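Report on the following structure.
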Amino acid sequence: MKHVRIFAFALLCLALIPVVAVSSHNQNEKDLRIAASIGDTETVQQLLDAGESVDVANRFGKTALMMAVENDNLDTVALLLARGADVNRKTVASCTALTFAAENGEAAITALLLERGANLQDKTRAGWDALMIASRYGIVDMVDQLLFKGASVKAADNDGKTPLLQAAENGRAKVAEMLLKAGSDIDAQDNHGSTALILAADGGHSDVVATLLEKGAEINKPDNDGATALIWAVGQGRQSAATLLLRHDAGIDKQDHDGVTALMEAASVRSAKLTRLLLDHGANIGLKDQKGRTAEDIARKKRNKEVVALLEAAAQEQIDFHHSPSADDH
(Lines give C-alpha, C1' and ligand atoms only; values in the text may rest on other atoms or scores of the structure.)
Protein backbone atom coordinates (compact mmCIF):
# COMPACT_ATOMS: atom_id res chain seq x y z
CA MET A 1 0.00 0.00 0.00
CA LYS A 2 2.63 2.45 0.94
CA HIS A 3 5.36 3.82 -1.24
CA VAL A 4 8.69 4.67 0.30
CA ARG A 5 9.14 8.33 0.97
CA ILE A 6 12.67 9.62 0.76
CA PHE A 7 13.26 12.67 2.93
CA ALA A 8 16.12 14.95 1.78
CA PHE A 9 16.85 16.85 5.01
CA ALA A 10 20.04 18.51 3.70
CA LEU A 11 20.67 20.33 0.46
CA LEU A 12 22.72 18.60 -2.19
CA CYS A 13 24.93 21.65 -2.49
CA LEU A 14 27.70 20.29 -0.28
CA ALA A 15 27.58 16.65 -1.32
CA LEU A 16 27.81 16.62 -5.09
CA ILE A 17 31.17 16.25 -6.79
CA PRO A 18 31.54 18.59 -9.74
CA VAL A 19 32.37 17.40 -13.19
CA VAL A 20 34.75 20.25 -13.95
CA ALA A 21 36.90 22.59 -11.94
CA VAL A 22 35.88 26.24 -12.02
CA SER A 23 38.94 28.05 -10.67
CA SER A 24 42.73 27.83 -10.61
CA HIS A 25 42.81 27.74 -6.80
CA ASN A 26 45.74 30.05 -6.25
CA GLN A 27 46.49 31.05 -2.68
CA ASN A 28 44.88 34.49 -2.87
CA GLU A 29 41.64 32.99 -4.12
CA LYS A 30 41.60 30.55 -1.21
CA ASP A 31 42.45 33.30 1.24
CA LEU A 32 39.54 35.38 -0.04
CA ARG A 33 37.06 32.59 0.49
CA ILE A 34 38.47 31.70 3.90
CA ALA A 35 38.36 35.32 5.03
CA ALA A 36 34.77 35.59 3.83
CA SER A 37 33.76 32.41 5.63
CA ILE A 38 35.16 33.59 8.98
CA GLY A 39 33.90 37.14 8.61
CA ASP A 40 37.32 38.77 8.26
CA THR A 41 35.98 41.74 6.31
CA GLU A 42 39.25 43.67 6.51
CA THR A 43 41.22 40.91 4.79
CA VAL A 44 38.50 40.50 2.18
CA GLN A 45 38.75 44.20 1.38
CA GLN A 46 42.55 44.06 1.17
CA LEU A 47 42.48 41.12 -1.24
CA LEU A 48 39.88 42.79 -3.43
CA ASP A 49 41.88 46.03 -3.42
CA ALA A 50 44.90 43.99 -4.53
CA GLY A 51 42.96 42.87 -7.59
CA GLU A 52 41.49 39.51 -6.59
CA SER A 53 38.31 38.63 -8.46
CA VAL A 54 35.22 38.92 -6.25
CA ASP A 55 33.46 35.97 -7.87
CA VAL A 56 36.26 33.42 -8.03
CA ALA A 57 34.87 30.02 -7.02
CA ASN A 58 36.20 26.77 -5.62
CA ARG A 59 35.77 23.43 -7.34
CA PHE A 60 32.21 23.17 -6.03
CA GLY A 61 31.36 26.51 -7.58
CA LYS A 62 31.12 28.27 -4.21
CA THR A 63 32.18 31.89 -4.12
CA ALA A 64 33.28 34.12 -1.26
CA LEU A 65 29.77 35.58 -1.17
CA MET A 66 28.21 32.18 -0.69
CA MET A 67 30.65 31.32 2.08
CA ALA A 68 29.99 34.60 3.85
CA VAL A 69 26.25 33.94 3.58
CA GLU A 70 26.61 30.39 4.91
CA ASN A 71 28.36 31.68 8.00
CA ASP A 72 25.99 34.61 8.59
CA ASN A 73 28.68 37.25 8.10
CA LEU A 74 26.45 40.19 7.23
CA ASP A 75 29.19 42.84 7.02
CA THR A 76 31.27 40.68 4.70
CA VAL A 77 28.23 39.95 2.55
CA ALA A 78 27.53 43.69 2.28
CA LEU A 79 31.10 44.40 1.26
CA LEU A 80 31.19 41.68 -1.39
CA LEU A 81 27.92 42.88 -2.87
CA ALA A 82 29.16 46.46 -2.88
CA ARG A 83 32.26 45.28 -4.74
CA GLY A 84 30.14 43.65 -7.45
CA ALA A 85 29.70 40.04 -6.35
CA ASP A 86 27.21 38.20 -8.55
CA VAL A 87 24.18 37.71 -6.29
CA ASN A 88 22.75 35.06 -8.61
CA ARG A 89 25.89 33.00 -9.23
CA LYS A 90 25.23 29.26 -8.93
CA THR A 91 27.27 26.35 -7.62
CA VAL A 92 27.60 23.14 -9.60
CA ALA A 93 24.53 21.92 -7.69
CA SER A 94 22.63 25.09 -8.69
CA CYS A 95 22.63 26.57 -5.18
CA THR A 96 22.73 30.36 -4.88
CA ALA A 97 23.53 32.80 -2.12
CA LEU A 98 19.79 33.12 -1.52
CA THR A 99 19.20 29.38 -1.12
CA PHE A 100 22.15 29.23 1.29
CA ALA A 101 20.63 32.09 3.28
CA ALA A 102 17.28 30.31 3.38
CA GLU A 103 18.84 27.04 4.51
CA ASN A 104 20.59 28.79 7.38
CA GLY A 105 17.67 30.99 8.39
CA GLU A 106 19.44 34.29 7.83
CA ALA A 107 16.65 36.85 7.51
CA ALA A 108 18.85 39.97 7.49
CA ILE A 109 21.13 38.59 4.79
CA THR A 110 18.11 37.43 2.79
CA ALA A 111 16.74 40.98 2.85
CA LEU A 112 20.06 42.31 1.59
CA LEU A 113 20.28 39.72 -1.18
CA LEU A 114 16.74 40.45 -2.31
CA GLU A 115 17.49 44.17 -2.32
CA ARG A 116 20.43 43.47 -4.63
CA GLY A 117 18.28 41.50 -7.07
CA ALA A 118 18.48 37.87 -5.95
CA ASN A 119 16.20 35.67 -8.06
CA LEU A 120 13.35 34.21 -6.02
CA GLN A 121 12.74 31.48 -8.59
CA ASP A 122 16.25 29.99 -8.66
CA LYS A 123 16.26 26.36 -7.55
CA THR A 124 18.87 23.92 -6.32
CA ARG A 125 19.45 20.67 -8.15
CA ALA A 126 16.85 19.09 -5.85
CA GLY A 127 14.37 21.63 -7.17
CA TRP A 128 14.15 23.71 -3.98
CA ASP A 129 13.80 27.47 -4.13
CA ALA A 130 14.29 29.78 -1.14
CA LEU A 131 10.61 29.69 -0.12
CA MET A 132 10.53 25.90 -0.15
CA ILE A 133 13.64 25.76 2.03
CA ALA A 134 12.36 28.36 4.50
CA SER A 135 8.99 26.57 4.63
CA ARG A 136 10.65 23.23 5.21
CA TYR A 137 12.62 24.54 8.18
CA GLY A 138 9.80 26.66 9.56
CA ILE A 139 11.61 30.00 9.33
CA VAL A 140 8.57 32.23 9.82
CA ASP A 141 10.28 35.62 9.35
CA MET A 142 11.94 34.52 6.15
CA VAL A 143 8.76 32.98 4.75
CA ASP A 144 6.98 36.27 5.44
CA GLN A 145 9.80 38.18 3.75
CA LEU A 146 9.84 35.96 0.67
CA LEU A 147 6.07 36.04 0.29
CA PHE A 148 6.11 39.84 0.53
CA LYS A 149 8.66 39.91 -2.30
CA GLY A 150 6.44 37.73 -4.46
CA ALA A 151 7.84 34.21 -4.09
CA SER A 152 5.60 31.62 -5.73
CA VAL A 153 3.52 29.39 -3.47
CA LYS A 154 2.71 27.17 -6.45
CA ALA A 155 6.25 26.20 -7.45
CA ALA A 156 7.19 22.58 -6.78
CA ASP A 157 10.45 20.68 -6.30
CA ASN A 158 11.58 17.58 -8.19
CA ASP A 159 9.23 15.44 -6.07
CA GLY A 160 6.28 17.69 -6.82
CA LYS A 161 6.23 19.23 -3.34
CA THR A 162 5.09 22.83 -3.03
CA PRO A 163 6.12 25.02 -0.10
CA LEU A 164 2.88 24.01 1.67
CA LEU A 165 3.70 20.33 1.27
CA GLN A 166 7.20 20.99 2.60
CA ALA A 167 5.76 22.78 5.63
CA ALA A 168 3.15 20.09 6.31
CA GLU A 169 5.63 17.24 6.02
CA ASN A 170 7.90 18.87 8.59
CA GLY A 171 5.26 20.00 11.06
CA ARG A 172 5.38 23.76 10.41
CA ALA A 173 1.83 24.79 11.33
CA LYS A 174 2.43 28.54 11.41
CA VAL A 175 4.15 28.48 8.03
CA ALA A 176 1.36 26.34 6.58
CA GLU A 177 -1.17 28.92 7.72
CA MET A 178 0.86 31.72 6.12
CA LEU A 179 1.16 29.85 2.84
CA LEU A 180 -2.57 29.13 2.74
CA LYS A 181 -3.31 32.80 3.34
CA ALA A 182 -0.98 33.60 0.42
CA GLY A 183 -2.99 31.37 -1.92
CA SER A 184 -1.44 27.90 -1.68
CA ASP A 185 -3.56 25.08 -3.10
CA ILE A 186 -4.57 23.21 0.05
CA ASP A 187 -5.21 19.96 -1.82
CA ALA A 188 -2.17 20.03 -4.14
CA GLN A 189 -0.51 16.63 -4.55
CA ASP A 190 3.12 15.63 -4.99
CA ASN A 191 4.40 13.02 -7.42
CA HIS A 192 3.10 10.25 -5.15
CA GLY A 193 -0.32 11.87 -4.88
CA SER A 194 0.24 12.90 -1.28
CA THR A 195 -1.55 16.02 -0.09
CA ALA A 196 -0.45 18.31 2.73
CA LEU A 197 -3.02 16.58 4.95
CA ILE A 198 -1.65 13.13 4.16
CA LEU A 199 1.92 14.24 4.83
CA ALA A 200 0.96 15.91 8.11
CA ALA A 201 -1.06 12.88 9.23
CA ASP A 202 1.73 10.50 8.23
CA GLY A 203 4.20 12.51 10.31
CA GLY A 204 1.89 12.84 13.28
CA HIS A 205 1.85 16.63 13.07
CA SER A 206 -1.51 17.14 14.73
CA ASP A 207 -1.26 20.93 14.79
CA VAL A 208 -0.80 20.99 11.01
CA VAL A 209 -3.62 18.47 10.57
CA ALA A 210 -5.87 20.74 12.65
CA THR A 211 -4.92 23.81 10.61
CA LEU A 212 -5.56 22.07 7.30
CA LEU A 213 -8.91 20.67 8.42
CA GLU A 214 -9.96 24.07 9.72
CA LYS A 215 -9.06 25.61 6.35
CA GLY A 216 -11.10 23.05 4.42
CA ALA A 217 -8.67 20.39 3.23
CA GLU A 218 -10.36 17.49 1.42
CA ILE A 219 -10.22 14.92 4.19
CA ASN A 220 -10.63 11.75 2.10
CA LYS A 221 -8.51 12.72 -0.92
CA PRO A 222 -6.36 9.63 -1.61
CA ASP A 223 -2.79 9.36 -2.82
CA ASN A 224 -1.69 7.38 -5.86
CA ASP A 225 -2.01 4.14 -3.86
CA GLY A 226 -5.56 4.98 -2.84
CA ALA A 227 -4.59 5.63 0.78
CA THR A 228 -6.23 8.47 2.69
CA ALA A 229 -4.84 10.62 5.49
CA LEU A 230 -6.59 8.38 8.05
CA ILE A 231 -5.02 5.23 6.65
CA TRP A 232 -1.60 6.88 6.76
CA ALA A 233 -2.09 8.21 10.30
CA VAL A 234 -3.15 4.81 11.63
CA GLY A 235 -0.45 2.99 9.69
CA GLN A 236 2.17 5.16 11.39
CA GLY A 237 0.60 4.82 14.83
CA ARG A 238 -0.41 8.50 15.02
CA GLN A 239 -3.17 8.40 17.63
CA SER A 240 -3.74 12.17 17.94
CA ALA A 241 -3.84 12.75 14.18
CA ALA A 242 -6.20 9.81 13.69
CA THR A 243 -8.48 11.12 16.43
CA LEU A 244 -8.62 14.55 14.80
CA LEU A 245 -9.46 13.07 11.42
CA LEU A 246 -12.23 10.92 12.87
CA ARG A 247 -13.70 13.91 14.69
CA HIS A 248 -13.94 15.60 11.30
CA ASP A 249 -15.76 12.58 9.82
CA ALA A 250 -12.91 11.01 7.87
CA GLY A 251 -14.05 8.00 5.85
CA ILE A 252 -13.36 5.27 8.35
CA ASP A 253 -13.88 2.37 5.94
CA LYS A 254 -12.06 3.80 2.92
CA GLN A 255 -9.85 1.19 1.26
CA ASP A 256 -6.66 1.72 -0.69
CA HIS A 257 -5.90 -0.05 -3.95
CA ASP A 258 -4.86 -3.16 -2.00
CA GLY A 259 -8.15 -3.13 -0.13
CA VAL A 260 -6.50 -2.07 3.13
CA THR A 261 -8.55 -0.08 5.62
CA ALA A 262 -7.51 1.98 8.63
CA LEU A 263 -8.68 -0.86 10.90
CA MET A 264 -6.45 -3.32 9.05
CA GLU A 265 -3.55 -0.91 9.49
CA ALA A 266 -4.26 -0.73 13.23
CA ALA A 267 -4.11 -4.52 13.36
CA SER A 268 -0.93 -4.53 11.27
CA VAL A 269 0.88 -2.10 13.59
CA ARG A 270 -0.40 -4.04 16.61
CA SER A 271 -2.08 -1.01 18.18
CA ALA A 272 -4.86 -1.80 20.62
CA LYS A 273 -5.50 1.92 21.20
CA LEU A 274 -6.03 2.65 17.53
CA THR A 275 -8.09 -0.50 17.07
CA ARG A 276 -10.34 0.54 19.95
CA LEU A 277 -10.58 4.10 18.59
CA LEU A 278 -11.69 2.87 15.16
CA LEU A 279 -14.14 0.35 16.59
CA ASP A 280 -15.66 3.05 18.80
CA HIS A 281 -16.24 5.09 15.64
CA GLY A 282 -17.96 2.21 13.88
CA ALA A 283 -15.26 0.67 11.71
CA ASN A 284 -16.48 -2.28 9.63
CA ILE A 285 -14.73 -5.42 10.89
CA GLY A 286 -15.95 -7.54 7.99
CA LEU A 287 -14.15 -5.78 5.14
CA LYS A 288 -11.46 -7.76 3.33
CA ASP A 289 -8.31 -6.69 1.48
CA GLN A 290 -7.25 -7.94 -1.94
CA LYS A 291 -5.77 -11.04 -0.31
CA GLY A 292 -9.08 -11.86 1.33
CA ARG A 293 -7.95 -10.95 4.85
CA THR A 294 -10.01 -9.16 7.48
CA ALA A 295 -8.51 -6.99 10.23
CA GLU A 296 -8.87 -9.95 12.59
CA ASP A 297 -6.97 -12.21 10.18
CA ILE A 298 -4.12 -9.70 10.13
CA ALA A 299 -4.14 -9.37 13.92
CA ARG A 300 -3.93 -13.15 14.30
CA LYS A 301 -0.99 -13.30 11.91
CA LYS A 302 0.72 -10.59 13.96
CA ARG A 303 -0.02 -12.65 17.10
CA ASN A 304 -1.37 -9.66 18.95
CA LYS A 305 -3.77 -11.14 21.48
CA GLU A 306 -5.10 -7.78 22.69
CA VAL A 307 -6.07 -6.61 19.20
CA VAL A 308 -7.54 -10.04 18.38
CA ALA A 309 -9.61 -9.90 21.55
CA LEU A 310 -10.95 -6.45 20.69
CA LEU A 311 -11.93 -7.56 17.20
CA GLU A 312 -13.50 -10.79 18.46
CA ALA A 313 -15.52 -8.84 21.01
CA ALA A 314 -16.69 -6.43 18.32
CA ALA A 315 -17.72 -9.34 16.10
CA GLN A 316 -19.61 -10.99 18.95
CA GLU A 317 -21.32 -7.71 19.76
CA GLN A 318 -22.57 -7.50 16.18
CA ILE A 319 -23.84 -11.09 16.33
CA ASP A 320 -25.61 -10.45 19.63
CA PHE A 321 -27.19 -7.30 18.23
CA HIS A 322 -28.54 -9.02 15.14
CA HIS A 323 -30.03 -11.82 17.25
CA SER A 324 -31.56 -9.58 19.87
CA PRO A 325 -35.34 -9.02 19.99
CA SER A 326 -34.90 -5.31 19.37
CA ALA A 327 -32.94 -6.06 16.20
CA ASP A 328 -35.74 -8.42 15.04
CA ASP A 329 -38.26 -5.65 15.59
CA HIS A 330 -36.37 -3.56 13.12
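In the C-alpha coordinates, each chain is lettered A, B, ... as it comes, each chain's residues begin at 1, and ligands are numbered from 1 in order of appearance.
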Item to complete: Would you return as number ranges by chain the members of stretch 211-246 of chain A that DSSP assigns to helix (DSSP H, G or I) on this structure's backbone?
Response: A: 211-214, 229-235, 239-246
Those residues you just picked out, can you put them in a file as an mmCIF file, in the first residue's frame with N, CA and C atoms?
```
data_model
loop_
_atom_site.group_PDB
_atom_site.id
_atom_site.type_symbol
_atom_site.label_atom_id
_atom_site.label_comp_id
_atom_site.auth_asym_id
_atom_site.auth_seq_id
_atom_site.Cartn_x
_atom_site.Cartn_y
_atom_site.Cartn_z
ATOM 1 N N THR A 211 -4.891 22.603 11.454
ATOM 2 C CA THR A 211 -4.918 23.810 10.609
ATOM 3 C C THR A 211 -5.516 23.506 9.239
ATOM 4 N N LEU A 212 -5.084 22.421 8.643
ATOM 5 C CA LEU A 212 -5.558 22.066 7.303
ATOM 6 C C LEU A 212 -7.047 21.728 7.309
ATOM 7 N N LEU A 213 -7.492 21.005 8.324
ATOM 8 C CA LEU A 213 -8.911 20.667 8.419
ATOM 9 C C LEU A 213 -9.754 21.920 8.629
ATOM 10 N N GLU A 214 -9.258 22.813 9.461
ATOM 11 C CA GLU A 214 -9.960 24.074 9.718
ATOM 12 C C GLU A 214 -10.097 24.908 8.450
ATOM 13 N N ALA A 229 -5.581 10.122 4.333
ATOM 14 C CA ALA A 229 -4.839 10.621 5.491
ATOM 15 C C ALA A 229 -5.066 9.737 6.715
ATOM 16 N N LEU A 230 -6.295 9.242 6.896
ATOM 17 C CA LEU A 230 -6.586 8.383 8.051
ATOM 18 C C LEU A 230 -5.809 7.074 7.975
ATOM 19 N N ILE A 231 -5.769 6.483 6.808
ATOM 20 C CA ILE A 231 -5.018 5.229 6.649
ATOM 21 C C ILE A 231 -3.544 5.459 6.965
ATOM 22 N N TRP A 232 -2.999 6.571 6.483
ATOM 23 C CA TRP A 232 -1.600 6.875 6.764
ATOM 24 C C TRP A 232 -1.373 7.129 8.257
ATOM 25 N N ALA A 233 -2.246 7.899 8.877
ATOM 26 C CA ALA A 233 -2.092 8.211 10.303
ATOM 27 C C ALA A 233 -2.097 6.942 11.134
ATOM 28 N N VAL A 234 -3.047 6.060 10.873
ATOM 29 C CA VAL A 234 -3.149 4.813 11.632
ATOM 30 C C VAL A 234 -1.956 3.912 11.338
ATOM 31 N N GLY A 235 -1.570 3.839 10.076
ATOM 32 C CA GLY A 235 -0.446 2.989 9.691
ATOM 33 C C GLY A 235 0.863 3.397 10.328
ATOM 34 N N GLN A 239 -1.898 8.384 16.922
ATOM 35 C CA GLN A 239 -3.169 8.400 17.629
ATOM 36 C C GLN A 239 -3.860 9.762 17.579
ATOM 37 N N SER A 240 -3.132 10.838 17.886
ATOM 38 C CA SER A 240 -3.738 12.171 17.937
ATOM 39 C C SER A 240 -4.244 12.602 16.568
ATOM 40 N N ALA A 241 -3.431 12.372 15.536
ATOM 41 C CA ALA A 241 -3.839 12.750 14.182
ATOM 42 C C ALA A 241 -5.058 11.947 13.746
ATOM 43 N N ALA A 242 -5.063 10.652 14.050
ATOM 44 C CA ALA A 242 -6.203 9.810 13.688
ATOM 45 C C ALA A 242 -7.469 10.270 14.407
ATOM 46 N N THR A 243 -7.336 10.632 15.672
ATOM 47 C CA THR A 243 -8.484 11.118 16.434
ATOM 48 C C THR A 243 -9.055 12.391 15.823
ATOM 49 N N LEU A 244 -8.181 13.309 15.447
ATOM 50 C CA LEU A 244 -8.617 14.546 14.803
ATOM 51 C C LEU A 244 -9.369 14.266 13.505
ATOM 52 N N LEU A 245 -8.828 13.388 12.703
ATOM 53 C CA LEU A 245 -9.455 13.068 11.419
ATOM 54 C C LEU A 245 -10.835 12.438 11.622
ATOM 55 N N LEU A 246 -10.953 11.554 12.601
ATOM 56 C CA LEU A 246 -12.234 10.917 12.867
ATOM 57 C C LEU A 246 -13.256 11.920 13.396
#
```
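Every protein, DNA or RNA residue with an atom at most 12 Å from A:Glu306, where only C-alpha atoms count and chain neighbours fewer than 2 positions away do not, is listed here: Ala266, Ala267, Arg270, Ser271, Ala272, Lys273, Leu274, Thr275, Arg276, Glu296, Ala299, Arg300, Lys302, Arg303, Asn304, Val308, Ala309, Leu310, Leu311, Glu312 and Ala313 of chain A.
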Since we have the selection now, will you write its residues out, keeping N, CA and C atoms, as a PDB file, in the first residue's frame?
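Result file follows (out28.pdb):
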```
ATOM      1  N   ALA A 266      -4.365  -0.672  11.767  1.00  0.00           N
ATOM      2  CA  ALA A 266      -4.255  -0.730  13.226  1.00  0.00           C
ATOM      3  C   ALA A 266      -3.864  -2.123  13.674  1.00  0.00           C
ATOM      4  N   ALA A 267      -4.463  -3.140  13.040  1.00  0.00           N
ATOM      5  CA  ALA A 267      -4.108  -4.520  13.355  1.00  0.00           C
ATOM      6  C   ALA A 267      -2.673  -4.821  12.945  1.00  0.00           C
ATOM      7  N   ARG A 270      -0.205  -3.451  15.282  1.00  0.00           N
ATOM      8  CA  ARG A 270      -0.398  -4.039  16.614  1.00  0.00           C
ATOM      9  C   ARG A 270      -0.803  -2.996  17.660  1.00  0.00           C
ATOM     10  N   SER A 271      -1.670  -2.091  17.270  1.00  0.00           N
ATOM     11  CA  SER A 271      -2.076  -1.013  18.176  1.00  0.00           C
ATOM     12  C   SER A 271      -3.487  -1.255  18.712  1.00  0.00           C
ATOM     13  N   ALA A 272      -3.557  -1.610  19.986  1.00  0.00           N
ATOM     14  CA  ALA A 272      -4.861  -1.804  20.620  1.00  0.00           C
ATOM     15  C   ALA A 272      -5.600  -0.474  20.750  1.00  0.00           C
ATOM     16  N   LYS A 273      -4.864   0.601  21.033  1.00  0.00           N
ATOM     17  CA  LYS A 273      -5.496   1.920  21.198  1.00  0.00           C
ATOM     18  C   LYS A 273      -6.162   2.377  19.917  1.00  0.00           C
ATOM     19  N   LEU A 274      -5.457   2.236  18.810  1.00  0.00           N
ATOM     20  CA  LEU A 274      -6.030   2.654  17.533  1.00  0.00           C
ATOM     21  C   LEU A 274      -7.168   1.733  17.106  1.00  0.00           C
ATOM     22  N   THR A 275      -7.023   0.448  17.378  1.00  0.00           N
ATOM     23  CA  THR A 275      -8.094  -0.503  17.065  1.00  0.00           C
ATOM     24  C   THR A 275      -9.357  -0.128  17.833  1.00  0.00           C
ATOM     25  N   ARG A 276      -9.203   0.155  19.128  1.00  0.00           N
ATOM     26  CA  ARG A 276     -10.345   0.538  19.949  1.00  0.00           C
ATOM     27  C   ARG A 276     -10.963   1.855  19.452  1.00  0.00           C
ATOM     28  N   GLU A 296      -9.135  -8.898  11.607  1.00  0.00           N
ATOM     29  CA  GLU A 296      -8.873  -9.951  12.589  1.00  0.00           C
ATOM     30  C   GLU A 296      -7.855 -10.960  12.056  1.00  0.00           C
ATOM     31  N   ALA A 299      -4.519  -9.402  12.497  1.00  0.00           N
ATOM     32  CA  ALA A 299      -4.137  -9.371  13.916  1.00  0.00           C
ATOM     33  C   ALA A 299      -3.671 -10.749  14.383  1.00  0.00           C
ATOM     34  N   ARG A 300      -4.340 -11.788  13.927  1.00  0.00           N
ATOM     35  CA  ARG A 300      -3.927 -13.149  14.304  1.00  0.00           C
ATOM     36  C   ARG A 300      -2.537 -13.472  13.742  1.00  0.00           C
ATOM     37  N   LYS A 302      -0.240 -11.374  13.185  1.00  0.00           N
ATOM     38  CA  LYS A 302       0.716 -10.589  13.959  1.00  0.00           C
ATOM     39  C   LYS A 302       0.839 -11.085  15.403  1.00  0.00           C
ATOM     40  N   ARG A 303      -0.027 -12.045  15.762  1.00  0.00           N
ATOM     41  CA  ARG A 303      -0.020 -12.652  17.097  1.00  0.00           C
ATOM     42  C   ARG A 303      -0.182 -11.606  18.207  1.00  0.00           C
ATOM     43  N   ASN A 304      -1.091 -10.686  17.953  1.00  0.00           N
ATOM     44  CA  ASN A 304      -1.375  -9.662  18.950  1.00  0.00           C
ATOM     45  C   ASN A 304      -2.690 -10.022  19.631  1.00  0.00           C
ATOM     46  N   VAL A 308      -6.634  -8.947  18.741  1.00  0.00           N
ATOM     47  CA  VAL A 308      -7.541 -10.041  18.377  1.00  0.00           C
ATOM     48  C   VAL A 308      -8.754 -10.058  19.289  1.00  0.00           C
ATOM     49  N   ALA A 309      -8.516  -9.887  20.584  1.00  0.00           N
ATOM     50  CA  ALA A 309      -9.610  -9.899  21.551  1.00  0.00           C
ATOM     51  C   ALA A 309     -10.596  -8.762  21.301  1.00  0.00           C
ATOM     52  N   LEU A 310     -10.081  -7.593  20.981  1.00  0.00           N
ATOM     53  CA  LEU A 310     -10.949  -6.452  20.687  1.00  0.00           C
ATOM     54  C   LEU A 310     -11.812  -6.720  19.458  1.00  0.00           C
ATOM     55  N   LEU A 311     -11.203  -7.293  18.431  1.00  0.00           N
ATOM     56  CA  LEU A 311     -11.933  -7.562  17.199  1.00  0.00           C
ATOM     57  C   LEU A 311     -12.936  -8.698  17.389  1.00  0.00           C
ATOM     58  N   GLU A 312     -12.565  -9.697  18.159  1.00  0.00           N
ATOM     59  CA  GLU A 312     -13.497 -10.791  18.462  1.00  0.00           C
ATOM     60  C   GLU A 312     -14.703 -10.273  19.238  1.00  0.00           C
ATOM     61  N   ALA A 313     -14.433  -9.407  20.209  1.00  0.00           N
ATOM     62  CA  ALA A 313     -15.518  -8.841  21.014  1.00  0.00           C
ATOM     63  C   ALA A 313     -16.452  -8.001  20.151  1.00  0.00           C
TER      64      ALA A 313
END
```
Worksheet item: What is the distance between atom CA of A:Met264 and atom CA of A:Val209, in Å to one decimal?
Response: 22.0 Å
Item to complete: Pick out the residues sitting within 12 Å of A:Ala134, and hand them over as a PyMOL selection string; count only C-alpha atoms, and ignore anything fewer than 6 positions along from it in its own chain.
Response: chain A and resi 98-107+110+128+140-147+151+153+162-164+166-167+170+172+175-176+179
